[in-house]
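What follows is structure-v8.txt (compact mmCIF, C-alpha atoms and all ligand atoms).
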```txt
# COMPACT_ATOMS: atom_id res chain seq x y z
CA MET A 1 173.62 81.25 56.90
CA LYS A 2 173.02 78.82 54.03
CA ALA A 3 169.49 77.90 52.96
CA ALA A 4 168.27 75.78 50.04
CA ILE A 5 165.49 77.58 48.16
CA TYR A 6 163.28 76.45 45.28
CA THR A 7 163.95 78.62 42.22
CA GLY A 8 161.58 76.96 39.73
CA ASP A 9 160.26 73.55 38.69
CA GLU A 10 162.84 70.88 39.55
CA GLN A 11 165.24 73.60 40.67
CA ILE A 12 166.63 74.15 44.13
CA GLU A 13 169.60 76.32 44.99
CA LEU A 14 171.82 76.90 48.00
CA ARG A 15 171.85 80.60 48.94
CA ASP A 16 173.28 82.89 51.56
CA VAL A 17 170.39 84.31 53.57
CA ASP A 18 170.10 86.58 56.61
CA PRO A 19 170.47 84.74 59.91
CA MET A 20 167.17 84.37 61.82
CA LYS A 21 166.33 85.83 65.23
CA ALA A 22 163.89 83.95 67.44
CA GLU A 23 160.51 85.69 66.97
CA PRO A 24 158.01 85.55 69.85
CA ALA A 25 156.61 81.98 70.17
CA TYR A 26 159.47 80.56 68.08
CA VAL A 27 162.78 78.88 68.81
CA ILE A 28 165.79 78.71 66.51
CA VAL A 29 167.23 75.26 66.05
CA ASN A 30 170.64 74.25 64.74
CA THR A 31 169.55 71.86 61.99
CA LYS A 32 171.23 68.45 62.15
CA SER A 33 169.07 66.12 60.06
CA SER A 34 166.15 66.73 57.70
CA GLY A 35 164.29 64.33 55.43
CA ILE A 36 163.09 65.03 51.90
CA CYS A 37 159.35 64.25 52.01
CA GLY A 38 156.96 63.31 49.20
CA SER A 39 155.32 66.69 49.73
CA ASP A 40 158.70 68.41 49.22
CA LEU A 41 158.88 66.58 45.88
CA HIS A 42 155.34 67.76 44.99
CA ALA A 43 156.58 71.32 45.61
CA TYR A 44 159.81 70.60 43.68
CA PHE A 45 157.83 69.41 40.64
CA GLY A 46 155.38 72.31 40.92
CA HIS A 47 152.34 70.16 41.83
CA TRP A 48 151.91 71.99 45.12
CA SER A 49 152.48 75.59 46.10
CA ARG A 50 155.96 76.43 47.35
CA SER A 51 157.87 79.34 48.76
CA GLU A 52 160.66 80.67 46.59
CA LYS A 53 161.86 82.90 49.44
CA ARG A 54 162.40 80.58 52.38
CA ALA A 55 163.70 77.04 52.76
CA HIS A 56 161.18 74.19 53.02
CA GLY A 57 161.89 71.02 55.03
CA HIS A 58 159.58 69.88 57.84
CA GLU A 59 161.04 66.48 58.84
CA VAL A 60 163.67 68.07 61.03
CA CYS A 61 165.76 67.36 64.07
CA GLY A 62 168.35 69.58 65.74
CA THR A 63 169.27 71.38 68.92
CA VAL A 64 167.75 74.58 70.30
CA VAL A 65 170.13 77.57 70.10
CA GLU A 66 167.80 80.52 70.79
CA ILE A 67 164.43 80.88 72.48
CA GLY A 68 161.84 83.55 71.61
CA GLU A 69 159.58 85.40 74.02
CA GLY A 70 156.73 83.38 75.49
CA VAL A 71 158.19 79.90 74.85
CA ASP A 72 158.09 77.81 78.02
CA GLY A 73 159.52 74.41 78.84
CA PHE A 74 162.49 74.41 76.46
CA LYS A 75 166.11 75.35 76.97
CA VAL A 76 169.17 75.92 74.80
CA GLY A 77 170.72 72.56 73.91
CA ASP A 78 167.45 70.59 73.91
CA LYS A 79 167.19 68.02 71.13
CA VAL A 80 163.89 68.73 69.36
CA THR A 81 161.69 67.97 66.38
CA MET A 82 158.53 69.68 65.13
CA GLU A 83 155.10 69.12 63.68
CA CYS A 84 154.73 70.69 60.22
CA PHE A 85 152.17 73.29 61.32
CA SER A 86 151.54 75.56 64.28
CA HIS A 87 148.19 75.76 66.08
CA ASP A 88 146.67 78.43 68.32
CA GLY A 89 145.30 76.18 71.08
CA THR A 90 142.29 78.47 71.48
CA CYS A 91 139.86 77.87 68.59
CA ALA A 92 136.80 75.57 68.58
CA LEU A 93 138.67 72.74 66.86
CA CYS A 94 141.68 72.94 69.21
CA ASP A 95 139.22 72.98 72.09
CA GLN A 96 137.84 69.65 70.86
CA GLY A 97 141.35 68.19 70.66
CA HIS A 98 141.43 68.33 66.85
CA TYR A 99 144.38 70.67 66.70
CA ASN A 100 145.49 69.41 63.29
CA HIS A 101 142.33 71.14 62.01
CA CYS A 102 143.02 74.35 63.96
CA LEU A 103 141.22 77.37 62.51
CA GLY A 104 144.33 79.46 63.17
CA LYS A 105 146.75 76.87 61.78
CA GLY A 106 150.08 78.23 60.49
CA GLY A 107 152.70 76.75 58.18
CA PHE A 108 155.90 75.22 59.56
CA SER A 109 158.59 77.72 60.56
CA GLY A 110 156.27 80.75 60.10
CA GLU A 111 158.13 83.43 58.12
CA GLY A 112 161.43 81.73 58.93
CA HIS A 113 163.35 78.95 57.22
CA GLY A 114 162.59 75.22 57.43
CA GLY A 115 164.90 72.24 57.65
CA PHE A 116 166.78 72.69 54.36
CA ALA A 117 168.77 75.47 55.99
CA GLU A 118 171.57 75.67 58.56
CA TYR A 119 169.06 76.84 61.17
CA THR A 120 165.33 76.08 61.42
CA ALA A 121 162.60 78.21 63.01
CA MET A 122 160.13 76.11 65.03
CA HIS A 123 156.87 77.32 66.62
CA ALA A 124 156.36 76.53 70.31
CA SER A 125 153.03 74.76 69.62
CA SER A 126 154.75 72.34 67.23
CA LEU A 127 157.83 71.51 69.35
CA PHE A 128 158.64 68.11 70.86
CA LYS A 129 161.64 67.44 73.07
CA LEU A 130 163.34 64.14 72.26
CA PRO A 131 165.05 61.71 74.62
CA ASP A 132 168.81 62.46 74.92
CA ASP A 133 169.80 59.11 73.44
CA PHE A 134 167.83 59.71 70.23
CA THR A 135 170.04 60.14 67.18
CA PHE A 136 169.32 63.16 64.97
CA GLU A 137 168.37 60.71 62.22
CA GLN A 138 165.77 59.04 64.47
CA GLY A 139 164.53 62.48 65.45
CA ALA A 140 163.96 63.52 61.84
CA LEU A 141 161.90 60.36 61.27
CA VAL A 142 159.39 61.06 64.06
CA GLU A 143 157.31 63.26 61.72
CA PRO A 144 156.69 60.71 58.95
CA LEU A 145 156.19 57.92 61.51
CA ALA A 146 153.56 60.06 63.28
CA VAL A 147 151.75 60.46 59.93
CA CYS A 148 151.70 56.67 59.61
CA HIS A 149 150.62 56.08 63.21
CA ARG A 150 147.62 58.32 62.59
CA ALA A 151 146.75 56.52 59.35
CA VAL A 152 146.73 53.18 61.18
CA MET A 153 144.63 54.64 64.00
CA GLN A 154 142.20 56.20 61.49
CA ALA A 155 141.67 52.70 60.10
CA GLY A 156 140.55 51.54 63.55
CA THR A 157 142.58 48.35 63.13
CA THR A 158 142.48 45.51 65.65
CA SER A 159 144.61 42.42 66.18
CA ARG A 160 142.00 40.49 64.14
CA ASP A 161 142.51 42.58 61.03
CA ARG A 162 144.23 42.00 57.76
CA ALA A 163 145.67 45.30 56.57
CA VAL A 164 146.67 46.26 53.04
CA VAL A 165 149.10 49.13 52.46
CA LEU A 166 149.23 50.53 48.93
CA GLY A 167 152.65 51.96 48.13
CA GLY A 168 156.21 51.20 49.21
CA GLY A 169 157.53 54.72 49.71
CA THR A 170 158.33 56.32 53.06
CA ILE A 171 154.70 56.55 54.17
CA GLY A 172 153.76 53.08 52.91
CA LEU A 173 156.74 51.40 54.59
CA LEU A 174 156.38 53.24 57.90
CA THR A 175 152.62 52.52 57.83
CA LEU A 176 153.49 48.85 57.49
CA ALA A 177 155.85 49.14 60.47
CA ALA A 178 153.24 51.04 62.52
CA ALA A 179 150.55 48.46 61.65
CA LYS A 180 152.86 45.65 62.78
CA ALA A 181 153.58 47.56 66.00
CA ALA A 182 149.82 47.96 66.52
CA GLY A 183 149.56 44.17 66.35
CA VAL A 184 147.42 43.69 63.24
CA ARG A 185 146.99 40.05 62.27
CA GLU A 186 148.44 40.12 58.76
CA THR A 187 149.88 42.75 56.45
CA LEU A 188 150.22 43.07 52.70
CA ILE A 189 152.11 45.88 50.98
CA THR A 190 152.55 46.85 47.32
CA VAL A 191 155.99 47.85 46.04
CA LYS A 192 157.39 49.02 42.70
CA TYR A 193 161.18 49.11 43.22
CA PRO A 194 163.65 46.54 44.61
CA GLN A 195 164.78 48.79 47.49
CA GLN A 196 161.15 48.96 48.67
CA THR A 197 160.93 45.15 48.71
CA GLU A 198 164.03 44.98 50.90
CA VAL A 199 162.62 47.36 53.52
CA ALA A 200 159.17 45.71 53.40
CA LYS A 201 160.88 42.38 54.18
CA ALA A 202 162.86 43.99 57.01
CA TYR A 203 159.59 45.27 58.53
CA GLY A 204 158.10 41.78 58.36
CA ALA A 205 155.40 42.21 55.70
CA ASP A 206 153.43 38.95 55.42
CA ARG A 207 152.84 39.45 51.71
CA ILE A 208 154.70 41.74 49.31
CA VAL A 209 153.05 42.48 45.96
CA ASP A 210 155.28 43.80 43.18
CA VAL A 211 152.88 45.91 41.08
CA ASN A 212 155.06 45.36 38.00
CA GLU A 213 154.18 41.68 38.14
CA GLU A 214 150.92 41.18 40.02
CA ASP A 215 147.49 42.80 40.27
CA VAL A 216 146.94 43.71 43.91
CA THR A 217 143.15 43.36 43.71
CA GLU A 218 143.50 39.77 42.52
CA VAL A 219 146.14 38.93 45.11
CA VAL A 220 144.05 40.37 47.96
CA LYS A 221 141.02 38.38 46.81
CA GLU A 222 143.05 35.17 47.01
CA TRP A 223 144.84 36.21 50.24
CA THR A 224 141.52 36.80 52.04
CA ASP A 225 139.48 33.92 50.51
CA ASP A 226 137.37 36.42 48.54
CA LEU A 227 136.45 38.39 51.67
CA GLY A 228 138.66 41.46 51.09
CA ALA A 229 140.96 43.24 53.54
CA ASP A 230 139.58 44.71 56.78
CA CYS A 231 141.42 47.94 56.11
CA VAL A 232 143.34 49.44 53.24
CA ILE A 233 145.70 52.40 53.63
CA GLU A 234 146.37 54.20 50.34
CA THR A 235 149.65 56.16 50.27
CA VAL A 236 150.30 56.67 46.54
CA GLY A 237 147.56 58.87 45.04
CA GLY A 238 145.86 58.88 41.63
CA ALA A 239 142.51 57.45 40.50
CA SER A 240 143.64 53.87 39.86
CA ASN A 241 145.04 53.54 43.38
CA PHE A 242 141.83 54.92 44.88
CA ASP A 243 139.84 52.37 42.88
CA ALA A 244 142.26 49.59 43.88
CA ALA A 245 141.98 50.57 47.56
CA VAL A 246 138.19 50.37 47.51
CA ALA A 247 138.30 47.14 45.49
CA CYS A 248 140.67 45.52 48.03
CA ALA A 249 138.47 46.37 51.03
CA ARG A 250 135.93 43.89 52.35
CA LYS A 251 132.28 44.81 52.66
CA ARG A 252 131.99 47.33 55.51
CA GLY A 253 135.80 47.58 55.56
CA THR A 254 137.76 50.82 55.88
CA VAL A 255 139.88 52.74 53.39
CA VAL A 256 142.22 55.44 54.72
CA LEU A 257 143.68 57.94 52.25
CA VAL A 258 147.05 59.38 53.22
CA ALA A 259 148.33 60.18 49.72
CA GLY A 260 149.18 63.62 48.33
CA TYR A 261 146.47 64.66 45.85
CA PHE A 262 146.94 67.63 43.57
CA GLU A 263 144.04 67.41 41.10
CA PRO A 264 140.40 66.19 41.04
CA LEU A 265 140.07 62.53 40.06
CA GLU A 266 137.52 60.43 38.20
CA VAL A 267 136.93 57.42 40.44
CA ASP A 268 134.48 54.54 40.87
CA LEU A 269 132.22 55.16 43.86
CA ARG A 270 129.78 52.27 43.38
CA LYS A 271 131.28 49.89 45.93
CA ILE A 272 131.24 52.55 48.65
CA VAL A 273 127.43 52.51 48.45
CA TRP A 274 126.89 48.83 47.75
CA SER A 275 129.40 47.42 50.20
CA GLU A 276 129.28 50.22 52.76
CA VAL A 277 133.05 50.66 52.61
CA VAL A 278 134.02 53.58 54.83
CA VAL A 279 136.50 55.95 53.18
CA THR A 280 138.26 58.52 55.29
CA GLY A 281 141.34 60.70 55.16
CA SER A 282 144.25 61.09 57.54
CA ASN A 283 145.60 64.62 57.95
CA CYS A 284 149.15 64.81 59.32
CA TYR A 285 148.84 64.08 63.03
CA GLY A 286 147.13 65.32 66.14
CA TYR A 287 145.48 63.29 68.87
CA SER A 288 144.61 59.67 68.06
CA GLY A 289 142.49 58.78 71.07
CA ARG A 290 144.12 60.19 74.19
CA GLU A 291 147.61 60.25 72.76
CA LYS A 292 149.36 62.60 70.35
CA ASP A 293 150.58 60.79 67.23
CA PHE A 294 154.00 62.45 67.74
CA ASP A 295 154.26 61.06 71.29
CA ALA A 296 153.23 57.63 70.00
CA ALA A 297 155.90 57.81 67.28
CA ILE A 298 158.59 58.89 69.78
CA GLU A 299 157.58 56.01 72.06
CA MET A 300 157.60 53.45 69.22
CA ILE A 301 161.17 54.49 68.35
CA ALA A 302 162.38 54.77 71.98
CA SER A 303 161.03 51.31 72.85
CA GLY A 304 162.59 49.80 69.73
CA ARG A 305 159.23 48.58 68.43
CA VAL A 306 159.81 50.49 65.18
CA ASP A 307 163.23 51.26 63.71
CA PRO A 308 162.41 53.98 61.16
CA THR A 309 166.08 54.35 60.13
CA LYS A 310 165.67 51.24 57.93
CA ILE A 311 164.09 53.47 55.27
CA VAL A 312 167.02 55.92 55.02
CA THR A 313 168.91 54.97 51.86
CA HIS A 314 170.90 58.15 51.17
CA ARG A 315 172.55 60.90 53.22
CA TYR A 316 173.89 64.16 51.78
CA GLY A 317 175.35 67.39 53.12
CA LEU A 318 173.37 70.63 52.68
CA ASP A 319 175.82 71.68 49.95
CA GLU A 320 174.79 68.55 48.00
CA ILE A 321 171.06 69.36 48.08
CA VAL A 322 170.68 69.50 44.27
CA GLU A 323 171.93 65.91 44.00
CA ALA A 324 169.85 64.90 47.05
CA PHE A 325 166.63 66.10 45.37
CA ARG A 326 167.57 64.47 42.09
CA VAL A 327 168.14 61.12 43.80
CA SER A 328 165.02 61.45 45.94
CA ALA A 329 162.83 62.30 42.93
CA ASP A 330 164.11 59.33 40.91
CA LYS A 331 163.21 56.05 42.61
CA LYS A 332 165.31 54.17 40.04
CA SER A 333 168.26 55.59 42.00
CA GLY A 334 167.46 53.09 44.75
CA SER A 335 166.17 55.76 47.12
CA VAL A 336 163.44 55.50 49.71
CA LYS A 337 164.22 58.28 52.21
CA VAL A 338 166.95 60.81 51.51
CA HIS A 339 168.33 62.78 54.46
CA ILE A 340 170.24 66.05 54.54
CA VAL A 341 172.81 65.78 57.32
CA GLN A 342 174.65 68.77 58.83
ZN ZN B 1 156.52 65.01 55.44
ZN ZN B 2 143.09 76.20 66.99
```

So, in terms of C-alpha cells, how does the structure I just supplied come out?
Amino acid sequence: MKAAIYTGDEQIELRDVDPMKAEPAYVIVNTKSSGICGSDLHAYFGHWSRSEKRAHGHEVCGTVVEIGEGVDGFKVGDKVTMECFSHDGTCALCDQGHYNHCLGKGGFSGEGHGGFAEYTAMHASSLFKLPDDFTFEQGALVEPLAVCHRAVMQAGTTSRDRAVVLGGGTIGLLTLAAAKAAGVRETLITVKYPQQTEVAKAYGADRIVDVNEEDVTEVVKEWTDDLGADCVIETVGGASNFDAAVACARKRGTVVLVAGYFEPLEVDLRKIVWSEVVVTGSNCYGYSGREKDFDAAIEMIASGRVDPTKIVTHRYGLDEIVEAFRVSADKKSGSVKVHIVQ
C-alpha cells in the first residue's frame, strides 16, 4: 500500500510499504479522509519528534476492513474515527476517568501507519463509531473539534461569559464554534489571514481582531469596559501570545492553553499572582464532566450545532501530499484546514 512518510525537515514522500495485518486490539481502516494538523506541521518542520518509518496522520475517518483479536463492538464496514492515543483502561488515572493522562498511554496507530496512508491502524480504546449519515470529511473533523470542546470546558465558561480566542487556525476557529455552541454570551477571536476572517464571520464571532492592524489587549479592554474577558483560550503558542492571553483576562478570570509548545518561554507571571488569573492547559480530550469530548463533538456535528466543514479550504489526493503539506504550512496560500481525500 501507499504511505506518506517524513524523510527530513519539510520533506514528506509517498512510499510503497508492506500492507498491515490487524494486530490484537487493533482494527485496520480503509482511510477515506485525513486532516493535516498543526502538530503534523510541527513534526514536518522538525519542532516535534516524528517517525520516519511510519505514516503520521491522526485526524482520520474511514471504514473498518479488518478486526484484530480482542476488539469488541465493531464490525467490518463500520464508519469510524479515532482519538490520537490509546489508553489501557486499568491504571490509576484511567480509573479516575482521566484517560487522556493514562500511565500506559500509547501513540496513535501503535507500530502501524496513521492517516496519511491508504490504510490506518486504530487501537480499540481509541475507536468511535460514527453515525451512518456522517460524511468522511465530517468524521475526520471530530478529532480537532473534540480538542476545542475540551478547551471550552476547561475554561468553565457559562452563558454569562465573554470569551476571547487567540488564533484563527483550525483550533482557534473550532474553539470559537464550540464556545458559541456552549452558549457563551460574547466571543472575540484574533485572526491574521483573510481566510480566517471569513470562517470567523461564518461561525458568528461577535468581534474579529486582525492582529496586523489592532492590538488585542487594547481591543479587549475597550470591549469589556476595562474589566477583561472572563476566559481566554490561547491556541497559537509563543511568549507574546501567553502574555497577551493573561493580559486579556479579567481579575480571577481563566486562561486555557491549547497551543503546541516546543521550547521553554520567558513570560510575564506577575498578573497571575496579583489578579489571581487561573492558567490551565487542555490536553487532547478525555472526559469533560460526564461526557467524552469525542461524543460531545460527534453530537455537535450530528445535531448541526457546529458545521466543522467550514474550515476545510483544500482537498488533495494522497499522491498530492507534498503539495498538500506545502499549502498547509503556508497560510498565505489561503489555507485553514487541508484534507487528504482517498
Ligand atoms: Zn490534531
Ligand atoms: Zn490508563

Handout entry: Long-range neighbours of range 263-280 of chain A as a PyMOL selection string, 12 Å cut-off, all atoms listed in the file, 2 positions minimum in chain
Key = chain A and resi 42+47-48+150-156+227-234+237-261+282-283

Set out as a tab-separated table a contact list for chain A and ligand ZN 1 (chain B) with a cut-off of 6 Å, giving each residue of chain A that qualifies its closest atom pair and distance in Å to one decimal, counting all atoms listed in the file, ordered by chain and rising residue number.
```
residue	atom	partner	partner_atom	distance
A:Cys37	CA	B:ZN1	ZN	4.5
A:Glu59	CA	B:ZN1	ZN	5.8
A:Pro144	CA	B:ZN1	ZN	5.6
```

At a cut-off of 12 Å, can you tabulate as JSON lines every residue of chain A near ligand ZN 2 (chain B) together with its closest atom pair and the distance in Å to one decimal, using all atoms listed in the file and ordering rows by chain then number?
```
{"residue": "A:Phe85", "atom": "CA", "partner": "B:ZN2", "partner_atom": "ZN", "distance": 11.1}
{"residue": "A:Ser86", "atom": "CA", "partner": "B:ZN2", "partner_atom": "ZN", "distance": 8.9}
{"residue": "A:His87", "atom": "CA", "partner": "B:ZN2", "partner_atom": "ZN", "distance": 5.2}
{"residue": "A:Asp88", "atom": "CA", "partner": "B:ZN2", "partner_atom": "ZN", "distance": 4.4}
{"residue": "A:Gly89", "atom": "CA", "partner": "B:ZN2", "partner_atom": "ZN", "distance": 4.6}
{"residue": "A:Thr90", "atom": "CA", "partner": "B:ZN2", "partner_atom": "ZN", "distance": 5.1}
{"residue": "A:Cys91", "atom": "CA", "partner": "B:ZN2", "partner_atom": "ZN", "distance": 4.0}
{"residue": "A:Ala92", "atom": "CA", "partner": "B:ZN2", "partner_atom": "ZN", "distance": 6.5}
{"residue": "A:Leu93", "atom": "CA", "partner": "B:ZN2", "partner_atom": "ZN", "distance": 5.6}
{"residue": "A:Cys94", "atom": "CA", "partner": "B:ZN2", "partner_atom": "ZN", "distance": 4.2}
{"residue": "A:Asp95", "atom": "CA", "partner": "B:ZN2", "partner_atom": "ZN", "distance": 7.2}
{"residue": "A:Gln96", "atom": "CA", "partner": "B:ZN2", "partner_atom": "ZN", "distance": 9.2}
{"residue": "A:Gly97", "atom": "CA", "partner": "B:ZN2", "partner_atom": "ZN", "distance": 9.0}
{"residue": "A:His98", "atom": "CA", "partner": "B:ZN2", "partner_atom": "ZN", "distance": 8.0}
{"residue": "A:Tyr99", "atom": "CA", "partner": "B:ZN2", "partner_atom": "ZN", "distance": 5.7}
{"residue": "A:Asn100", "atom": "CA", "partner": "B:ZN2", "partner_atom": "ZN", "distance": 8.1}
{"residue": "A:His101", "atom": "CA", "partner": "B:ZN2", "partner_atom": "ZN", "distance": 7.1}
{"residue": "A:Cys102", "atom": "CA", "partner": "B:ZN2", "partner_atom": "ZN", "distance": 3.6}
{"residue": "A:Leu103", "atom": "CA", "partner": "B:ZN2", "partner_atom": "ZN", "distance": 5.0}
{"residue": "A:Gly104", "atom": "CA", "partner": "B:ZN2", "partner_atom": "ZN", "distance": 5.2}
{"residue": "A:Lys105", "atom": "CA", "partner": "B:ZN2", "partner_atom": "ZN", "distance": 6.4}
{"residue": "A:Gly106", "atom": "CA", "partner": "B:ZN2", "partner_atom": "ZN", "distance": 9.8}
{"residue": "A:Ser125", "atom": "CA", "partner": "B:ZN2", "partner_atom": "ZN", "distance": 10.4}
{"residue": "A:Gly286", "atom": "CA", "partner": "B:ZN2", "partner_atom": "ZN", "distance": 11.6}
```

Practice task
Counting only C-alpha atoms, figure out which residue out of A:Gly110, A:Gly115, A:Pro308, A:Gly68 gets nearest to Thr175 in chain A.
Solution key: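 Smallest distance to Thr175 in chain A is found for A:Pro308.
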
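Taking only C-alpha atoms into account, Cys84 in chain A lies nearest to A:Glu143 out of the set A:Asp133, A:Asp72, A:Glu66, A:Glu143.
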
Handout entry: Test item: residues at most 8 Å from Tyr26 in chain A, all atoms listed in the file, excluding those fewer than 3 positions along its chain, as a ChimeraX atom specification
Key = /A:22-23,67-69,71,121-124

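Among the candidates A:Gly281, A:Gly139, A:Gly172, A:Gly114, the residue lying nearest to Gly62 in chain A is A:Gly139 (atoms considered: all atoms listed in the file).
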
Exercise for the section: Compile the contact shell of Asp330 in chain A as number ranges by chain: residues with an atom at most 12 Å away, counting all atoms listed in the file, same-chain residues fewer than 4 positions apart removed. Expected result: A: 10, 38, 41, 45, 169, 193, 323-326, 334-338

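Nearest residue to Ile340 in chain A among A:Asp307, A:Glu291, A:Asp132, A:Glu320 is A:Glu320, counting all atoms listed in the file.
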
Exercise for the section: Tell me, in Å to one decimal, how far CA of Val60 in chain A is from CA of Gln11 in chain A. Expected result: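 CA of Gln11 in chain A lies 21.2 Å from CA of Val60 in chain A.
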
Problem - Within 12 Å of Phe128 in chain A using only C-alpha atoms, minus same-chain residues under 4 positions, as JSON, numbers by chain - result: {"A": [27, 60, 61, 62, 63, 64, 73, 74, 78, 79, 80, 81, 82, 83, 84, 122, 123, 124, 139, 140, 142, 143, 292, 293, 294, 295, 296, 297, 298]}

Problem - Radius query 9 Å about (160.9, 47.3, 60.1), atoms used: only C-alpha atoms, as a list in words - result: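 Applying the cut-off with only C-alpha atoms, one gets Leu173, Leu174, Leu176, Ala177, Ala178, Lys180, Val199, Ala200, Lys201, Ala202, Tyr203, Gly204, Ala205, Arg305, Val306, Asp307, Pro308, Thr309, Lys310 and Ile311 of chain A.
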
Writing out the chosen residues with C-alpha atoms as a PDB file, in the frame of the given file:
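Writing done, so here's part13.pdb:
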```
ATOM      1  CA  LEU A 173     156.740  51.400  54.590  1.00  0.00           C
ATOM      2  CA  LEU A 174     156.380  53.240  57.900  1.00  0.00           C
ATOM      3  CA  LEU A 176     153.490  48.850  57.490  1.00  0.00           C
ATOM      4  CA  ALA A 177     155.850  49.140  60.470  1.00  0.00           C
ATOM      5  CA  ALA A 178     153.240  51.040  62.520  1.00  0.00           C
ATOM      6  CA  LYS A 180     152.860  45.650  62.780  1.00  0.00           C
ATOM      7  CA  VAL A 199     162.620  47.360  53.520  1.00  0.00           C
ATOM      8  CA  ALA A 200     159.170  45.710  53.400  1.00  0.00           C
ATOM      9  CA  LYS A 201     160.880  42.380  54.180  1.00  0.00           C
ATOM     10  CA  ALA A 202     162.860  43.990  57.010  1.00  0.00           C
ATOM     11  CA  TYR A 203     159.590  45.270  58.530  1.00  0.00           C
ATOM     12  CA  GLY A 204     158.100  41.780  58.360  1.00  0.00           C
ATOM     13  CA  ALA A 205     155.400  42.210  55.700  1.00  0.00           C
ATOM     14  CA  ARG A 305     159.230  48.580  68.430  1.00  0.00           C
ATOM     15  CA  VAL A 306     159.810  50.490  65.180  1.00  0.00           C
ATOM     16  CA  ASP A 307     163.230  51.260  63.710  1.00  0.00           C
ATOM     17  CA  PRO A 308     162.410  53.980  61.160  1.00  0.00           C
ATOM     18  CA  THR A 309     166.080  54.350  60.130  1.00  0.00           C
ATOM     19  CA  LYS A 310     165.670  51.240  57.930  1.00  0.00           C
ATOM     20  CA  ILE A 311     164.090  53.470  55.270  1.00  0.00           C
TER      21      ILE A 311
END
```

Practice task
State, in Å with one decimal place, the distance from CA of Thr235 in chain A to CA of Thr313 in chain A.
Solution key: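 Going from CA of Thr235 in chain A over to CA of Thr313 in chain A, I get 19.4 Å.
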
Problem - Using only C-alpha atoms: which of A:His113, A:Thr31, A:Glu218, A:Gly168 has the shortest distance to Glu198 in chain A - result: A:Gly168

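Among A:Ala117, A:Ile12, A:Ala179, A:Leu318, the residue with the shortest atom-to-atom distance to Arg50 in chain A, counting all atoms listed in the file, is A:Ile12.
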
Could you rebuild range 209-220 of chain A with N, CA, C and O atoms and give it back as an mmCIF file, keeping the file's coordinate frame?
```cif
data_model
loop_
_atom_site.group_PDB
_atom_site.id
_atom_site.type_symbol
_atom_site.label_atom_id
_atom_site.label_comp_id
_atom_site.auth_asym_id
_atom_site.auth_seq_id
_atom_site.Cartn_x
_atom_site.Cartn_y
_atom_site.Cartn_z
ATOM 1 N N VAL A 209 153.553 42.551 47.327
ATOM 2 C CA VAL A 209 153.050 42.480 45.960
ATOM 3 C C VAL A 209 153.819 43.473 45.094
ATOM 4 O O VAL A 209 153.743 44.682 45.316
ATOM 5 N N ASP A 210 154.573 42.936 44.120
ATOM 6 C CA ASP A 210 155.280 43.800 43.180
ATOM 7 C C ASP A 210 154.276 44.194 42.088
ATOM 8 O O ASP A 210 153.835 43.347 41.315
ATOM 9 N N VAL A 211 153.928 45.474 42.029
ATOM 10 C CA VAL A 211 152.880 45.910 41.080
ATOM 11 C C VAL A 211 153.313 45.786 39.621
ATOM 12 O O VAL A 211 152.477 45.870 38.726
ATOM 13 N N ASN A 212 154.608 45.585 39.380
ATOM 14 C CA ASN A 212 155.060 45.360 38.000
ATOM 15 C C ASN A 212 154.675 43.956 37.524
ATOM 16 O O ASN A 212 154.669 43.682 36.332
ATOM 17 N N GLU A 213 154.409 43.076 38.497
ATOM 18 C CA GLU A 213 154.180 41.680 38.140
ATOM 19 C C GLU A 213 152.804 41.148 38.505
ATOM 20 O O GLU A 213 152.316 40.197 37.916
ATOM 21 N N GLU A 214 152.192 41.734 39.539
ATOM 22 C CA GLU A 214 150.920 41.180 40.020
ATOM 23 C C GLU A 214 149.875 42.279 40.153
ATOM 24 O O GLU A 214 150.205 43.439 40.358
ATOM 25 N N ASP A 215 148.595 41.874 40.064
ATOM 26 C CA ASP A 215 147.490 42.800 40.270
ATOM 27 C C ASP A 215 147.043 42.684 41.724
ATOM 28 O O ASP A 215 146.609 41.620 42.167
ATOM 29 N N VAL A 216 147.179 43.780 42.460
ATOM 30 C CA VAL A 216 146.940 43.710 43.910
ATOM 31 C C VAL A 216 145.515 43.287 44.237
ATOM 32 O O VAL A 216 145.279 42.538 45.202
ATOM 33 N N THR A 217 144.552 43.721 43.446
ATOM 34 C CA THR A 217 143.150 43.360 43.710
ATOM 35 C C THR A 217 142.966 41.844 43.664
ATOM 36 O O THR A 217 142.315 41.250 44.525
ATOM 37 N N GLU A 218 143.584 41.228 42.650
ATOM 38 C CA GLU A 218 143.500 39.770 42.520
ATOM 39 C C GLU A 218 144.189 39.062 43.681
ATOM 40 O O GLU A 218 143.677 38.100 44.239
ATOM 41 N N VAL A 219 145.382 39.567 44.025
ATOM 42 C CA VAL A 219 146.140 38.930 45.110
ATOM 43 C C VAL A 219 145.363 39.029 46.425
ATOM 44 O O VAL A 219 145.281 38.056 47.186
ATOM 45 N N VAL A 220 144.771 40.179 46.694
ATOM 46 C CA VAL A 220 144.050 40.370 47.960
ATOM 47 C C VAL A 220 142.826 39.447 48.017
ATOM 48 O O VAL A 220 142.506 38.874 49.063
#
```
